[in-house]
Each structure stands twice: as C-alpha cells, then as structure tokens.
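Here is the structure we will look at.
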Amino acid sequence: MTRTMPSPSAAPRALNAAPGVEVRRSPLADLCADCDAVTLLPPLSPPGEGYLRHFCQLDSPLAVFDLDDTLLDGDCTGMWMRWMAACGWIEDVDAFMAIGERHQSEYHAGTLDIHEHTGHLLSPLIGRHRDEVRREVDDFVEEMVMPRLLEGGIARLAEHGEAGHRTLIISASMHHLVGPIASRLTADGALATHPAFDEEGRFTGETTGIVTFREGKLAALDAWLEDASQLKRAPQALWGYSDSHNDLPLLERVDHPHATQPDAPLRQFAEARGWPVVDWRQSHLSIESD
C-alpha cells in the first residue's frame, strides 16, 4: 500500500477539526516536526497532558501477519509444490511430495530442518529463469491462493490499513511466493526467505539473506525495524498475528500478539498469557475489541 506523504508546502491538517476549518499554530496546537500535521489540544492543557498525539505517517503502528493458516486457509508451499508438479517441473512427483509431507509433519512438531526444506522446495527451479517462474506464480496466486484466503483475516488486514497502520506479511515460505501474495493483498511489504539467482537471473537452488523461520522471522523483523528507525519511520506500536508455536519468538516481540487458528501449543501459551485467540475460519475480530 502506497502512503502519500504531504509536501512541505502543504497546509497543516487538523486531525480533530471540522473540514474546512483553518487551524492556526498556537500554544494549544502540537506541530509534528516529521509530517507537519497538527493535533489540537484541549483548552488549558499543556502539551503531554490530556491528549493523544496523532499517529504520524512516519511512526504509525505496524501490524505483522503470518501467511499460512493465518491469512490463508492452508499452506501455500504445499499448494505450490502441487502446482510445480502440474507444470511438469518435478521428475518423481510421489517421492517429492512424500518429502514435503514429512517436512510438514516436522514443522508442526517443531523439528524441521529449514535448510533441508528450502533446498528441497527450490530444487525443481534450479536453472529456471525468474521471469518464467514469476509468470507461473502469478497464475498460482490468482487460481489457488486468492480463493482460499480467510475473510476475517483479510478484513483485519484492511482494518489496520484503514486505521493508518502499516502492514507486513512475514512467512517461512519463499519470497517468490510471499512477495506477490503480499502485493496482491496491498500489504506494505513482505518478509520471507529469498532465493538466490545467478548472473542471468536463474534460480541456483540456494537461499540468500535471513531464513525467515522461527527466530529468523524475529531477526528479519528487527532488521526491518532498524532500517525504519534510520529513516525516522520506526513504528510506536507493533501488532502480530500467527497460528503456530514456531512463531512464539515473533509474538513475544510485539506489543499486541494474537493467536489466530492456533495450534495446540500456541493456544495453551496464549491462554496462559491472556493473548486474544481468534478463529478467522469462524469469526471476525475488530481492532476496537482488543
């Protein structure tokens, strides 16, 4: 989602004034040095007392969403494996899918070797050009992913955007899948494991950068926040949503953690901590209810 930043010459906007009302800068107005927005103060209240500072576009809250079984009813990696098989990119489909099913079981058990998994997932793409794969991914997203999105989760994502919050989708799945999905959902960005390419833009079968699994998701988020801080865009509040106990490091990092369609270990942990638990397969949770 593209945020339109006000130009330096634009008149300051009063966030709680009636449309068309001219606002003059005075001791009763707090001017944001970052985006030139004005927040009116209650009469006779000194700055810092009795009013809430506006959510500046440069430090607006950030909502971080897991993808598989959080926004998506299912696992996009498993769906993509079946798509690659239909493309004829896998020689021994039965053996390939059997390894994928073993990895899925290990993921839920918390024993997955993520490097073995990414190597397996990328092996059918070795030597294929990124443009060829992207064309298939675009069709895959439209035909397989979009119909299986959870309405409550997508509504929640939209609520954050409408509230002026930035949104990120962070996933253990590969970036060549997650990036186009995040773009299709108009999220502000995607954090996922990046595949490596050779000089001609062909998949090498390796990964590059942070592998966004378990603590890797937290490392990727912290790197994103560090970059945002250097640009004076550090969010002043973090929201997080996930279904898996594998994401506990991430959920413990944010200010407002949510367990969504949680697996048994995460549900137990969330209930013990008093975190909101929601099933978007059945219901919708509004931001105001938190």
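Each chain in the structure tokens gets a letter, A, B, ..., in the order shown, and its residues are numbered from 1; ligands are numbered from 1 in order too.
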**Message:** as a ChimeraX atom specification, please: every residue in range 80-235 of chain A that a backbone DSSP assignment puts in strand (DSSP E).
**Reply:** /A:166-174,189-197,203-208
**Asked** Which polymer residues have any atom within 9 Å of an atom of Leu122 in chain A, counting only C-alpha atoms, with same-chain residues fewer than 3 positions away left out, as a list in words?
**Response** His117, Thr118, Gly119, Leu125, Ile126, Met174, Pro195, Phe203, Thr204, Gly205, Glu206 and Thr207 of chain A
**Item:** Proximity to Thr167 in chain A - best of A:Ile181, A:Val278, A:Ala63, A:Cys87, only C-alpha atoms
**Value:** A:Ala63
**Request:** Grab the CA of Pro235 in chain A to CA of Leu71 in chain A distance for me, in Å with one decimal place.
**Result:**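 Taking CA of Pro235 in chain A and CA of Leu71 in chain A, their separation equals 22.3 Å.
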**Item:** range 150-160 of chain A surroundings by only C-alpha atoms, 9 Å radius, close-in-sequence under 4 positions cut, as a VMD selection string
**Value:** chain A and resid 61 to 63 65 69 to 73 164 to 167 185 to 187 260 279 to 287
**Message:** Let me make sure I understand: among A:Ala272, A:Ala237, A:Ala182, A:Met79, which one has the smallest atom-to-atom distance to Ile170 in chain A if we use only C-alpha atoms?
**Reply:**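 When distances to Ile170 in chain A are compared using only C-alpha atoms, the smallest one comes from A:Ala182.
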**Request:** Using only C-alpha atoms, determine which residues lie at most 9 Å from range 242-250 of chain A, disregarding the query and same-chain residues fewer than 2 positions distant; provide the list as a ChimeraX atom specification.
**Result:** /A:64-71,107-108,110,213-215,217-219,221,240,252-254,257-267,269
Could you dump the residues just selected with N, CA and C atoms as a compact mmCIF listing (two decimals), in the first residue's frame?
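New file result29.txt:
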# COMPACT_ATOMS: atom_id res chain seq x y z
N VAL A 64 1.98 -7.08 11.82
CA VAL A 64 2.74 -8.14 11.16
C VAL A 64 1.88 -9.41 11.13
N PHE A 65 1.66 -9.94 9.94
CA PHE A 65 0.82 -11.12 9.77
C PHE A 65 1.63 -12.29 9.23
N ASP A 66 1.50 -13.44 9.87
CA ASP A 66 1.92 -14.69 9.24
C ASP A 66 0.99 -14.97 8.06
N LEU A 67 1.39 -15.85 7.16
CA LEU A 67 0.56 -16.14 5.98
C LEU A 67 -0.17 -17.47 6.09
N ASP A 68 0.58 -18.57 6.11
CA ASP A 68 -0.04 -19.89 6.05
C ASP A 68 -0.84 -20.19 7.31
N ASP A 69 -2.09 -20.57 7.14
CA ASP A 69 -3.02 -20.89 8.23
C ASP A 69 -3.30 -19.69 9.14
N THR A 70 -2.92 -18.50 8.70
CA THR A 70 -3.27 -17.27 9.40
C THR A 70 -4.16 -16.41 8.49
N LEU A 71 -3.61 -15.94 7.39
CA LEU A 71 -4.42 -15.26 6.38
C LEU A 71 -4.95 -16.23 5.33
N TYR A 107 7.52 -29.67 10.76
CA TYR A 107 7.21 -28.28 11.08
C TYR A 107 6.26 -28.20 12.27
N HIS A 108 5.19 -28.97 12.23
CA HIS A 108 4.21 -28.93 13.32
C HIS A 108 4.80 -29.48 14.62
N GLY A 110 7.89 -29.05 15.46
CA GLY A 110 8.97 -28.15 15.89
C GLY A 110 10.35 -28.71 15.65
N PHE A 213 12.46 -18.26 9.49
CA PHE A 213 11.81 -19.36 10.21
C PHE A 213 12.16 -19.26 11.68
N ARG A 214 11.14 -19.36 12.55
CA ARG A 214 11.31 -19.26 13.99
C ARG A 214 12.06 -17.98 14.34
N GLU A 215 13.25 -18.10 14.97
CA GLU A 215 13.99 -16.89 15.36
C GLU A 215 14.38 -16.06 14.14
N LYS A 217 12.42 -15.20 11.72
CA LYS A 217 11.38 -14.20 11.50
C LYS A 217 11.64 -12.97 12.36
N LEU A 218 12.02 -13.20 13.61
CA LEU A 218 12.30 -12.10 14.51
C LEU A 218 13.51 -11.31 14.03
N ALA A 219 14.53 -12.02 13.54
CA ALA A 219 15.72 -11.33 13.01
C ALA A 219 15.36 -10.47 11.80
N LEU A 221 12.39 -9.17 11.13
CA LEU A 221 11.60 -8.04 11.59
C LEU A 221 12.50 -6.99 12.25
N GLY A 240 0.88 -8.35 16.13
CA GLY A 240 1.33 -9.58 15.50
C GLY A 240 0.25 -10.64 15.49
N GLU A 252 6.14 -12.82 20.96
CA GLU A 252 6.60 -12.26 22.22
C GLU A 252 7.30 -10.92 22.01
N ARG A 253 7.69 -10.64 20.78
CA ARG A 253 8.38 -9.38 20.47
C ARG A 253 7.42 -8.22 20.32
N VAL A 254 6.17 -8.47 19.86
CA VAL A 254 5.26 -7.38 19.53
C VAL A 254 4.48 -6.92 20.76
N PRO A 257 0.12 -9.20 20.65
CA PRO A 257 0.14 -10.51 19.98
C PRO A 257 -1.25 -11.12 19.90
N HIS A 258 -1.51 -11.84 18.81
CA HIS A 258 -2.78 -12.53 18.60
C HIS A 258 -2.51 -13.94 18.10
N ALA A 259 -3.20 -14.91 18.68
CA ALA A 259 -3.13 -16.29 18.21
C ALA A 259 -4.32 -16.53 17.29
N THR A 260 -4.05 -16.85 16.04
CA THR A 260 -5.11 -16.99 15.05
C THR A 260 -5.16 -18.43 14.56
N GLN A 261 -6.32 -19.08 14.73
CA GLN A 261 -6.43 -20.51 14.42
C GLN A 261 -5.25 -21.27 15.03
N PRO A 262 -4.95 -21.07 16.31
CA PRO A 262 -3.67 -21.55 16.85
C PRO A 262 -3.59 -23.07 16.95
N ASP A 263 -2.36 -23.57 16.75
CA ASP A 263 -2.13 -24.97 17.06
C ASP A 263 -2.17 -25.14 18.58
N ALA A 264 -2.18 -26.39 19.05
CA ALA A 264 -2.39 -26.66 20.47
C ALA A 264 -1.35 -25.99 21.37
N PRO A 265 -0.04 -26.08 21.06
CA PRO A 265 0.94 -25.43 21.93
C PRO A 265 0.76 -23.91 21.99
N LEU A 266 0.47 -23.28 20.85
CA LEU A 266 0.29 -21.83 20.86
C LEU A 266 -0.98 -21.45 21.61
N ARG A 267 -2.05 -22.21 21.43
CA ARG A 267 -3.29 -21.90 22.16
C ARG A 267 -3.06 -21.95 23.66
N PHE A 269 -0.27 -21.55 25.29
CA PHE A 269 0.60 -20.44 25.68
C PHE A 269 -0.18 -19.13 25.67
**Message:** Which residues are close to Arg184 in chain A, i.e. within 12 Å by only C-alpha atoms, leaving aside same-chain residues fewer than 2 positions away? Reply as a list in words.
**Reply:** Met1, Val137, Asp138, Asp139, Val141, Glu142, Val145, Met146, Leu149, Ile154, Ile169, Leu177, Val178, Gly179, Pro180, Ile181, Ala182, Thr186, Ala187, Asp188, Gly189 and Ala190 of chain A
**Request:** Write out as a PyMOL selection string each polymer residue whose atoms come within 10 Å of range 99-101 of chain A, counting only C-alpha atoms; drop sequence neighbours fewer than 2 positions from it.
**Result:** chain A and resi 77-78+81+94-97+103-107+117+120-121
Take the residues just selected and output them with N, CA and C atoms as a PDB file, in the first residue's frame.
ATOM      1  N   THR A  77       3.071 -23.285   0.486  1.00  0.00           N
ATOM      2  CA  THR A  77       4.196 -24.080  -0.003  1.00  0.00           C
ATOM      3  C   THR A  77       3.720 -25.418  -0.539  1.00  0.00           C
ATOM      4  N   GLY A  78       2.852 -26.101   0.224  1.00  0.00           N
ATOM      5  CA  GLY A  78       2.319 -27.370  -0.255  1.00  0.00           C
ATOM      6  C   GLY A  78       1.506 -27.204  -1.523  1.00  0.00           C
ATOM      7  N   MET A  81       3.921 -26.734  -4.383  1.00  0.00           N
ATOM      8  CA  MET A  81       4.542 -27.999  -4.783  1.00  0.00           C
ATOM      9  C   MET A  81       3.644 -28.747  -5.769  1.00  0.00           C
ATOM     10  N   ASP A  94       5.799 -38.446  -6.736  1.00  0.00           N
ATOM     11  CA  ASP A  94       5.435 -39.143  -5.492  1.00  0.00           C
ATOM     12  C   ASP A  94       6.529 -38.989  -4.439  1.00  0.00           C
ATOM     13  N   ALA A  95       7.777 -39.179  -4.842  1.00  0.00           N
ATOM     14  CA  ALA A  95       8.883 -39.060  -3.892  1.00  0.00           C
ATOM     15  C   ALA A  95       9.023 -37.626  -3.406  1.00  0.00           C
ATOM     16  N   PHE A  96       8.871 -36.686  -4.326  1.00  0.00           N
ATOM     17  CA  PHE A  96       8.993 -35.268  -3.961  1.00  0.00           C
ATOM     18  C   PHE A  96       7.920 -34.878  -2.955  1.00  0.00           C
ATOM     19  N   MET A  97       6.683 -35.270  -3.200  1.00  0.00           N
ATOM     20  CA  MET A  97       5.587 -34.910  -2.312  1.00  0.00           C
ATOM     21  C   MET A  97       5.705 -35.619  -0.971  1.00  0.00           C
ATOM     22  N   HIS A 103       8.275 -33.033   5.828  1.00  0.00           N
ATOM     23  CA  HIS A 103       8.674 -31.707   6.310  1.00  0.00           C
ATOM     24  C   HIS A 103       7.514 -31.005   7.015  1.00  0.00           C
ATOM     25  N   GLN A 104       6.299 -31.157   6.488  1.00  0.00           N
ATOM     26  CA  GLN A 104       5.142 -30.533   7.110  1.00  0.00           C
ATOM     27  C   GLN A 104       4.913 -31.094   8.505  1.00  0.00           C
ATOM     28  N   SER A 105       5.071 -32.405   8.662  1.00  0.00           N
ATOM     29  CA  SER A 105       4.919 -33.026   9.984  1.00  0.00           C
ATOM     30  C   SER A 105       6.002 -32.534  10.939  1.00  0.00           C
ATOM     31  N   GLU A 106       7.221 -32.407  10.438  1.00  0.00           N
ATOM     32  CA  GLU A 106       8.318 -31.919  11.271  1.00  0.00           C
ATOM     33  C   GLU A 106       8.112 -30.461  11.655  1.00  0.00           C
ATOM     34  N   TYR A 107       7.522 -29.671  10.762  1.00  0.00           N
ATOM     35  CA  TYR A 107       7.214 -28.275  11.080  1.00  0.00           C
ATOM     36  C   TYR A 107       6.261 -28.204  12.271  1.00  0.00           C
ATOM     37  N   HIS A 117      14.587 -28.173   4.011  1.00  0.00           N
ATOM     38  CA  HIS A 117      13.290 -27.890   3.418  1.00  0.00           C
ATOM     39  C   HIS A 117      13.396 -26.911   2.251  1.00  0.00           C
ATOM     40  N   HIS A 120      14.958 -28.550  -0.766  1.00  0.00           N
ATOM     41  CA  HIS A 120      14.009 -29.435  -1.438  1.00  0.00           C
ATOM     42  C   HIS A 120      13.015 -28.628  -2.255  1.00  0.00           C
ATOM     43  N   LEU A 121      12.491 -27.567  -1.676  1.00  0.00           N
ATOM     44  CA  LEU A 121      11.473 -26.758  -2.349  1.00  0.00           C
ATOM     45  C   LEU A 121      12.028 -26.064  -3.596  1.00  0.00           C
TER      46      LEU A 121
END
**Asked** Taking the backbone alone, and naming residues the way the document does, which bits of range 51-273 of chain A are alpha helix (DSSP H) by DSSP, as number ranges by chain?
**Response** A: 76-86, 93-109, 114-122, 130-140, 151-162, 175-184, 215-230, 248-253, 264-273
Deliver the residues from the most recent selection as a file, using C-alpha atoms, as a compact mmCIF listing (two decimals), in the first residue's frame.
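Saved to out_20.txt:
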# COMPACT_ATOMS: atom_id res chain seq x y z
CA CYS A 76 0.97 -22.04 0.20
CA THR A 77 4.20 -24.08 0.00
CA GLY A 78 2.32 -27.37 -0.26
CA MET A 79 -0.05 -25.84 -2.79
CA TRP A 80 2.92 -24.56 -4.82
CA MET A 81 4.54 -28.00 -4.78
CA ARG A 82 1.42 -29.44 -6.40
CA TRP A 83 1.45 -26.57 -8.93
CA MET A 84 5.08 -27.30 -9.86
CA ALA A 85 4.14 -30.94 -10.36
CA ALA A 86 1.32 -29.90 -12.70
CA VAL A 93 6.32 -36.47 -8.06
CA ASP A 94 5.43 -39.14 -5.49
CA ALA A 95 8.88 -39.06 -3.89
CA PHE A 96 8.99 -35.27 -3.96
CA MET A 97 5.59 -34.91 -2.31
CA ALA A 98 6.42 -37.56 0.30
CA ILE A 99 9.41 -35.50 1.43
CA GLY A 100 7.19 -32.41 1.53
CA GLU A 101 4.66 -34.21 3.74
CA ARG A 102 7.47 -35.29 6.09
CA HIS A 103 8.67 -31.71 6.31
CA GLN A 104 5.14 -30.53 7.11
CA SER A 105 4.92 -33.03 9.98
CA GLU A 106 8.32 -31.92 11.27
CA TYR A 107 7.21 -28.28 11.08
CA HIS A 108 4.21 -28.93 13.32
CA ALA A 109 6.39 -30.95 15.68
CA ILE A 114 14.58 -25.41 7.43
CA HIS A 115 17.68 -25.57 5.22
CA GLU A 116 16.83 -29.09 4.06
CA HIS A 117 13.29 -27.89 3.42
CA THR A 118 14.25 -24.84 1.35
CA GLY A 119 16.73 -26.90 -0.67
CA HIS A 120 14.01 -29.44 -1.44
CA LEU A 121 11.47 -26.76 -2.35
CA LEU A 122 13.88 -24.91 -4.66
CA ARG A 130 12.95 -15.88 -12.55
CA ASP A 131 10.60 -14.44 -15.21
CA GLU A 132 9.36 -17.90 -16.18
CA VAL A 133 8.72 -18.77 -12.55
CA ARG A 134 7.07 -15.41 -11.86
CA ARG A 135 4.54 -15.99 -14.65
CA GLU A 136 3.56 -19.28 -13.06
CA VAL A 137 3.46 -17.72 -9.58
CA ASP A 138 1.08 -15.01 -10.79
CA ASP A 139 -1.32 -17.64 -12.14
CA PHE A 140 -0.86 -19.73 -8.99
CA GLU A 151 -12.27 -13.45 5.07
CA GLY A 152 -11.78 -12.47 8.71
CA GLY A 153 -8.02 -12.23 8.32
CA ILE A 154 -8.23 -10.13 5.17
CA ALA A 155 -10.78 -7.86 6.86
CA ARG A 156 -8.38 -7.47 9.79
CA LEU A 157 -5.53 -6.59 7.43
CA ALA A 158 -7.75 -3.97 5.79
CA GLU A 159 -8.78 -2.53 9.18
CA HIS A 160 -5.15 -1.89 10.03
CA GLY A 161 -4.63 -0.13 6.72
CA GLU A 162 -7.77 1.96 7.16
CA HIS A 175 9.75 -14.80 -1.07
CA HIS A 176 8.99 -15.54 -4.73
CA LEU A 177 5.60 -16.77 -3.43
CA VAL A 178 5.01 -14.46 -0.47
CA GLY A 179 6.01 -11.23 -2.23
CA PRO A 180 3.36 -11.46 -4.98
CA ILE A 181 0.71 -12.53 -2.43
CA ALA A 182 1.51 -9.53 -0.21
CA SER A 183 1.37 -7.24 -3.22
CA ARG A 184 -1.99 -8.69 -4.26
CA GLU A 215 13.99 -16.89 15.36
CA GLY A 216 14.75 -15.95 11.75
CA LYS A 217 11.38 -14.20 11.50
CA LEU A 218 12.30 -12.10 14.51
CA ALA A 219 15.72 -11.33 13.01
CA ALA A 220 14.10 -10.23 9.76
CA LEU A 221 11.60 -8.04 11.59
CA ASP A 222 14.33 -6.46 13.73
CA ALA A 223 16.35 -5.72 10.59
CA TRP A 224 13.27 -4.09 9.02
CA LEU A 225 12.69 -2.03 12.17
CA GLU A 226 16.34 -0.95 12.22
CA ASP A 227 16.04 0.29 8.65
CA ALA A 228 12.79 2.08 9.54
CA SER A 229 14.45 3.71 12.54
CA GLN A 230 17.29 5.05 10.40
CA LEU A 248 6.43 -17.55 19.56
CA PRO A 249 9.68 -15.53 19.31
CA LEU A 250 7.89 -13.12 16.97
CA LEU A 251 4.68 -12.92 19.01
CA GLU A 252 6.60 -12.26 22.22
CA ARG A 253 8.38 -9.38 20.47
CA ALA A 264 -2.39 -26.66 20.47
CA PRO A 265 0.94 -25.43 21.93
CA LEU A 266 0.29 -21.83 20.86
CA ARG A 267 -3.29 -21.90 22.16
CA GLN A 268 -2.10 -23.10 25.55
CA PHE A 269 0.60 -20.44 25.68
CA ALA A 270 -1.74 -17.66 24.50
CA GLU A 271 -4.42 -18.53 27.04
CA ALA A 272 -1.83 -18.56 29.83
CA ARG A 273 -0.60 -15.11 28.74
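Taking CA of Gly127 in chain A as the reference point, CA of Gly74 in chain A is found at 28.5 Å.
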**Request:** Work out how far apart CA of Tyr241 in chain A and CA of Val211 in chain A are and give it in Å to one decimal.
**Result:**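 Atom-to-atom, CA of Tyr241 in chain A and CA of Val211 in chain A are spaced 19.1 Å apart.
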